[in-house]
Amino acid sequence: MNSLEARPKLSVVVVCYEMAAQVKNTLRSLLPPYQRGVEATDYEIILIDNGSAKVLDEETRTISPNLQYVYVPPGESSPNPASAMNRAAVLARAPLLCLMIDGARLVTPGVLSWGMRLLELAPGAIVEVRGWHLGPKWQPESVAEGYNHHIESQLLDQVRWWENGYRLFDISAGSAQTKLGISQPASESNCLFVSRVLFDRLGGFDERYGEPGGGLVNLDFYARAVAAADHVWTLLGEGTFHQVHGGAATSLSREELRLAIARWSAESCNLRGPLPSIDPAKFILAGHIPREFQAWLNRTTITQQT
């Protein structure tokens, strides 16, 4: 493991499981010069591999000196990624955390600089980044119609996302977080900036969830974080983009997903009772509007009107 001597401003915690190709893309999207307005010395990345059959290749493990790779072998891992998130957070050295519970998500070039800037401005707040699905439709639909990793790789190559990550908006569809735009609160974020103080006050992620993929564990943490935060910055003009990898939700058919959500909701209710309500008054839009994001907003508006 390579580490930086100076204490970083931000620790980016990423969980992965059996997604070697996807997480390599994710890491590329988290590093300069793709990430704009930051230096590698500003932050560290803790990539925790939650039970994959084998460790990632050396090229991925050593992609950057600010990356720490932690491998949890299958016999020690949990199907709930909460334990991996919490374990990695203990290793984090920075006062600010960026939490990515799904390592298959590419991010746009301003995510880290904007996230750090806003959280430093208001440490009692949180910063949420909304999510999209790569491909022509919401992924449970597009996968059912034949969309797969090979098609997705061709799409990513065509737009040369590594040169300008905002082109990801051109090849993506809205998810539950974004299909109606971003002016209304979402129920979760797959890239969430919180202070270490707030993370510890919340007790981290709930490790009692037992469903593969954690069920509603991410929604549970998000709802508790929103309730505890002074306010919530919704990051405008930036996003995360889900790559297909046989995930716990996006690989299911619509009916399978409906049944799974009912099962996950029952588990969450048994563990926690009703999740805290999301207060719309806490949310503040902040960021910028790249040309590609504006084009997506225009398409979304037209779709809603028709």
# chains A, B, ... in the order shown; residues from 1 in each chain; ligands from 1

$ select_by_dssp --residues "segment 121-215 of chain A" --states "strand (DSSP E)" --output "PyMOL selection string"
chain A and resi 126-128+131-134+172-174+192-195

$ write_last_selection --atoms "C-alpha atoms" --output "mmCIF file, in the first residue's frame"
data_model
loop_
_atom_site.group_PDB
_atom_site.id
_atom_site.type_symbol
_atom_site.label_atom_id
_atom_site.label_comp_id
_atom_site.auth_asym_id
_atom_site.auth_seq_id
_atom_site.Cartn_x
_atom_site.Cartn_y
_atom_site.Cartn_z
ATOM 1 C CA ILE A 126 -24.201 16.928 3.617
ATOM 2 C CA VAL A 127 -23.660 16.936 -0.154
ATOM 3 C CA GLU A 128 -25.608 14.479 -2.286
ATOM 4 C CA GLY A 131 -27.422 9.033 -10.090
ATOM 5 C CA TRP A 132 -28.096 8.032 -13.701
ATOM 6 C CA HIS A 133 -28.038 4.670 -15.503
ATOM 7 C CA LEU A 134 -25.762 4.194 -18.491
ATOM 8 C CA SER A 172 -27.549 7.784 -19.919
ATOM 9 C CA ALA A 173 -31.115 7.564 -18.682
ATOM 10 C CA GLY A 174 -32.585 8.827 -15.459
ATOM 11 C CA LEU A 192 -22.619 11.184 -0.451
ATOM 12 C CA PHE A 193 -20.299 13.680 1.248
ATOM 13 C CA VAL A 194 -20.517 13.847 5.044
ATOM 14 C CA SER A 195 -18.215 14.972 7.815
#

$ residues_around --residues "Arg208 of chain A" --least-positions-apart "4" --cutoff "9 Å" --atoms "only C-alpha atoms" --output "ChimeraX atom specification"
/A:80,82,214,217,271

$ select_by_dssp --residues "segment 86-124 of chain A" --states "helix (DSSP H, G or I)" --output "list of chain:residue names"
A:Asn86, A:Arg87, A:Ala88, A:Ala89, A:Val90, A:Leu91, A:Val111, A:Leu112, A:Ser113, A:Trp114, A:Gly115, A:Met116, A:Arg117, A:Leu118, A:Leu119, A:Glu120, A:Leu121

$ residues_around --residues "Asn270 of chain A" --least-positions-apart "5" --cutoff "12 Å" --atoms "only C-alpha atoms" --output "list in words"
Arg208, Tyr209, Gly210, Leu216, Arg263, Trp264, Ser265 and Leu275 of chain A

$ closest_residue --among "A:Leu10, A:Leu27, A:Ile151, A:Leu118" --to "Val244 of chain A" --atoms "only C-alpha atoms"
A:Ile151

$ residues_around --residues "Gly165 of chain A" --least-positions-apart "5" --cutoff "9 Å" --atoms "only C-alpha atoms" --output "PyMOL selection string"
chain A and resi 29+34-35+106-109+159-160

$ write_last_selection --atoms "C-alpha atoms" --output "PDB file, in the first residue's frame"
ATOM      1  CA  SER A  29     -13.059   8.772 -12.917  1.00  0.00           C
ATOM      2  CA  TYR A  34     -10.011  13.683 -15.148  1.00  0.00           C
ATOM      3  CA  GLN A  35     -11.150  15.096 -11.806  1.00  0.00           C
ATOM      4  CA  LEU A 106     -18.530   6.531 -12.794  1.00  0.00           C
ATOM      5  CA  VAL A 107     -18.531  10.129 -11.596  1.00  0.00           C
ATOM      6  CA  THR A 108     -18.307  13.398 -13.507  1.00  0.00           C
ATOM      7  CA  PRO A 109     -15.184  15.603 -13.388  1.00  0.00           C
ATOM      8  CA  VAL A 159     -18.118   9.151 -26.274  1.00  0.00           C
ATOM      9  CA  ARG A 160     -14.514   8.918 -25.001  1.00  0.00           C
TER      10      ARG A 160
END

$ residues_around --residues "segment 283-296 of chain A" --least-positions-apart "2" --cutoff "10 Å" --atoms "only C-alpha atoms" --output "MDAnalysis selection string"
chainID A and resid 110:111 114:115 118 125:128 165:174 181:185 226 230:239 278:281 298:302

$ residues_around --residues "Ala262 of chain A" --least-positions-apart "5" --cutoff "12 Å" --atoms "only C-alpha atoms" --output "PDB file with all heavy atoms, in the first residue's frame"
ATOM      1  N   GLU A 211     -30.062  -8.794   3.615  1.00  0.00           N
ATOM      2  CA  GLU A 211     -30.313  -9.093   2.210  1.00  0.00           C
ATOM      3  C   GLU A 211     -29.041  -8.904   1.375  1.00  0.00           C
ATOM      4  O   GLU A 211     -28.246  -8.003   1.649  1.00  0.00           O
ATOM      5  CB  GLU A 211     -31.407  -8.182   1.670  1.00  0.00           C
ATOM      6  CG  GLU A 211     -32.795  -8.490   2.189  1.00  0.00           C
ATOM      7  CD  GLU A 211     -33.417  -9.684   1.489  1.00  0.00           C
ATOM      8  OE1 GLU A 211     -32.964 -10.038   0.377  1.00  0.00           O
ATOM      9  OE2 GLU A 211     -34.358 -10.271   2.043  1.00  0.00           O
ATOM     10  N   GLY A 215     -30.104  -4.622   0.814  1.00  0.00           N
ATOM     11  CA  GLY A 215     -31.493  -4.183   0.812  1.00  0.00           C
ATOM     12  C   GLY A 215     -31.605  -2.673   0.832  1.00  0.00           C
ATOM     13  O   GLY A 215     -31.068  -1.991  -0.045  1.00  0.00           O
ATOM     14  N   LEU A 216     -32.255  -2.139   1.856  1.00  0.00           N
ATOM     15  CA  LEU A 216     -32.459  -0.686   1.949  1.00  0.00           C
ATOM     16  C   LEU A 216     -31.432  -0.011   2.850  1.00  0.00           C
ATOM     17  O   LEU A 216     -31.659   1.104   3.329  1.00  0.00           O
ATOM     18  CB  LEU A 216     -33.870  -0.382   2.469  1.00  0.00           C
ATOM     19  CG  LEU A 216     -35.047  -0.881   1.632  1.00  0.00           C
ATOM     20  CD1 LEU A 216     -36.351  -0.313   2.175  1.00  0.00           C
ATOM     21  CD2 LEU A 216     -34.890  -0.538   0.155  1.00  0.00           C
ATOM     22  N   GLU A 255     -40.862  -7.240 -12.317  1.00  0.00           N
ATOM     23  CA  GLU A 255     -41.612  -7.985 -11.316  1.00  0.00           C
ATOM     24  C   GLU A 255     -40.701  -8.478 -10.193  1.00  0.00           C
ATOM     25  O   GLU A 255     -41.065  -8.424  -9.007  1.00  0.00           O
ATOM     26  CB  GLU A 255     -42.327  -9.175 -11.967  1.00  0.00           C
ATOM     27  CG  GLU A 255     -43.104 -10.074 -11.006  1.00  0.00           C
ATOM     28  CD  GLU A 255     -44.218  -9.348 -10.251  1.00  0.00           C
ATOM     29  OE1 GLU A 255     -44.606  -8.226 -10.662  1.00  0.00           O
ATOM     30  OE2 GLU A 255     -44.688  -9.903  -9.236  1.00  0.00           O
ATOM     31  N   GLU A 256     -39.515  -8.978 -10.554  1.00  0.00           N
ATOM     32  CA  GLU A 256     -38.561  -9.410  -9.535  1.00  0.00           C
ATOM     33  C   GLU A 256     -38.167  -8.247  -8.630  1.00  0.00           C
ATOM     34  O   GLU A 256     -38.031  -8.405  -7.408  1.00  0.00           O
ATOM     35  CB  GLU A 256     -37.320 -10.007 -10.196  1.00  0.00           C
ATOM     36  CG  GLU A 256     -37.525 -11.355 -10.849  1.00  0.00           C
ATOM     37  CD  GLU A 256     -36.333 -11.792 -11.667  1.00  0.00           C
ATOM     38  OE1 GLU A 256     -35.563 -10.911 -12.128  1.00  0.00           O
ATOM     39  OE2 GLU A 256     -36.178 -13.010 -11.877  1.00  0.00           O
ATOM     40  N   LEU A 257     -37.995  -7.073  -9.237  1.00  0.00           N
ATOM     41  CA  LEU A 257     -37.623  -5.898  -8.449  1.00  0.00           C
ATOM     42  C   LEU A 257     -38.759  -5.496  -7.518  1.00  0.00           C
ATOM     43  O   LEU A 257     -38.523  -5.124  -6.362  1.00  0.00           O
ATOM     44  CB  LEU A 257     -37.252  -4.749  -9.379  1.00  0.00           C
ATOM     45  CG  LEU A 257     -36.749  -3.468  -8.711  1.00  0.00           C
ATOM     46  CD1 LEU A 257     -35.522  -3.743  -7.856  1.00  0.00           C
ATOM     47  CD2 LEU A 257     -36.428  -2.400  -9.761  1.00  0.00           C
ATOM     48  N   GLU A 267     -37.895  -5.987   5.731  1.00  0.00           N
ATOM     49  CA  GLU A 267     -36.712  -6.140   6.578  1.00  0.00           C
ATOM     50  C   GLU A 267     -36.354  -4.826   7.255  1.00  0.00           C
ATOM     51  O   GLU A 267     -36.086  -4.781   8.467  1.00  0.00           O
ATOM     52  CB  GLU A 267     -35.519  -6.619   5.738  1.00  0.00           C
ATOM     53  CG  GLU A 267     -34.239  -6.745   6.554  1.00  0.00           C
ATOM     54  CD  GLU A 267     -33.004  -6.996   5.715  1.00  0.00           C
ATOM     55  OE1 GLU A 267     -32.822  -6.298   4.694  1.00  0.00           O
ATOM     56  OE2 GLU A 267     -32.205  -7.871   6.096  1.00  0.00           O
ATOM     57  N   SER A 268     -36.363  -3.742   6.496  1.00  0.00           N
ATOM     58  CA  SER A 268     -36.011  -2.435   7.052  1.00  0.00           C
ATOM     59  C   SER A 268     -36.981  -2.022   8.149  1.00  0.00           C
ATOM     60  O   SER A 268     -36.584  -1.498   9.197  1.00  0.00           O
ATOM     61  CB  SER A 268     -35.988  -1.383   5.933  1.00  0.00           C
ATOM     62  OG  SER A 268     -35.597  -0.122   6.437  1.00  0.00           O
ATOM     63  N   CYS A 269     -38.261  -2.268   7.923  1.00  0.00           N
ATOM     64  CA  CYS A 269     -39.274  -1.905   8.914  1.00  0.00           C
ATOM     65  C   CYS A 269     -39.089  -2.710  10.195  1.00  0.00           C
ATOM     66  O   CYS A 269     -39.235  -2.179  11.305  1.00  0.00           O
ATOM     67  CB  CYS A 269     -40.666  -2.133   8.332  1.00  0.00           C
ATOM     68  SG  CYS A 269     -41.990  -1.400   9.311  1.00  0.00           S
TER      69      CYS A 269
END

$ atom_distance --atom1 "atom CA of Arg7 of chain A" --atom2 "atom CA of Pro33 of chain A"
20.8 Å

$ atom_distance --atom1 "atom CA of Glu44 of chain A" --atom2 "atom CA of Lys24 of chain A"
16.0 Å

$ residues_around --residues "Ser64 of chain A" --least-positions-apart "5" --cutoff "10 Å" --atoms "only C-alpha atoms" --output "PyMOL selection string"
chain A and resi 2-3+27-28+31-32+40+44-45+59

$ write_last_selection --atoms "N, CA and C atoms" --output "PDB file, in the first residue's frame"
ATOM      1  N   ASN A   2       0.556   2.178  -0.885  1.00  0.00           N
ATOM      2  CA  ASN A   2       1.196   3.480  -0.886  1.00  0.00           C
ATOM      3  C   ASN A   2       0.326   4.452  -0.121  1.00  0.00           C
ATOM      4  N   SER A   3       0.898   5.335   0.642  1.00  0.00           N
ATOM      5  CA  SER A   3       0.113   6.320   1.380  1.00  0.00           C
ATOM      6  C   SER A   3       0.786   7.663   1.282  1.00  0.00           C
ATOM      7  N   LEU A  27     -12.423   4.104 -10.674  1.00  0.00           N
ATOM      8  CA  LEU A  27     -11.187   4.689 -10.142  1.00  0.00           C
ATOM      9  C   LEU A  27     -10.604   5.718 -11.104  1.00  0.00           C
ATOM     10  N   ARG A  28     -10.638   5.407 -12.393  1.00  0.00           N
ATOM     11  CA  ARG A  28     -10.149   6.378 -13.378  1.00  0.00           C
ATOM     12  C   ARG A  28     -10.931   7.681 -13.288  1.00  0.00           C
ATOM     13  N   LEU A  31      -9.774  10.176 -10.354  1.00  0.00           N
ATOM     14  CA  LEU A  31      -8.383  10.635 -10.287  1.00  0.00           C
ATOM     15  C   LEU A  31      -8.138  11.821 -11.209  1.00  0.00           C
ATOM     16  N   PRO A  32      -7.190  12.703 -10.831  1.00  0.00           N
ATOM     17  CA  PRO A  32      -6.754  13.747 -11.759  1.00  0.00           C
ATOM     18  C   PRO A  32      -5.991  13.102 -12.917  1.00  0.00           C
ATOM     19  N   ALA A  40      -4.072  14.996  -6.309  1.00  0.00           N
ATOM     20  CA  ALA A  40      -4.125  13.691  -5.656  1.00  0.00           C
ATOM     21  C   ALA A  40      -3.789  13.796  -4.178  1.00  0.00           C
ATOM     22  N   GLU A  44      -7.647  10.894  -0.323  1.00  0.00           N
ATOM     23  CA  GLU A  44      -7.256   9.493  -0.446  1.00  0.00           C
ATOM     24  C   GLU A  44      -8.481   8.700  -0.898  1.00  0.00           C
ATOM     25  N   ILE A  45      -8.225   7.567  -1.531  1.00  0.00           N
ATOM     26  CA  ILE A  45      -9.288   6.647  -1.930  1.00  0.00           C
ATOM     27  C   ILE A  45      -9.073   5.335  -1.192  1.00  0.00           C
ATOM     28  N   GLU A  59      -2.547  -3.742 -11.708  1.00  0.00           N
ATOM     29  CA  GLU A  59      -2.707  -2.433 -12.337  1.00  0.00           C
ATOM     30  C   GLU A  59      -3.790  -1.614 -11.633  1.00  0.00           C
TER      31      GLU A  59
END
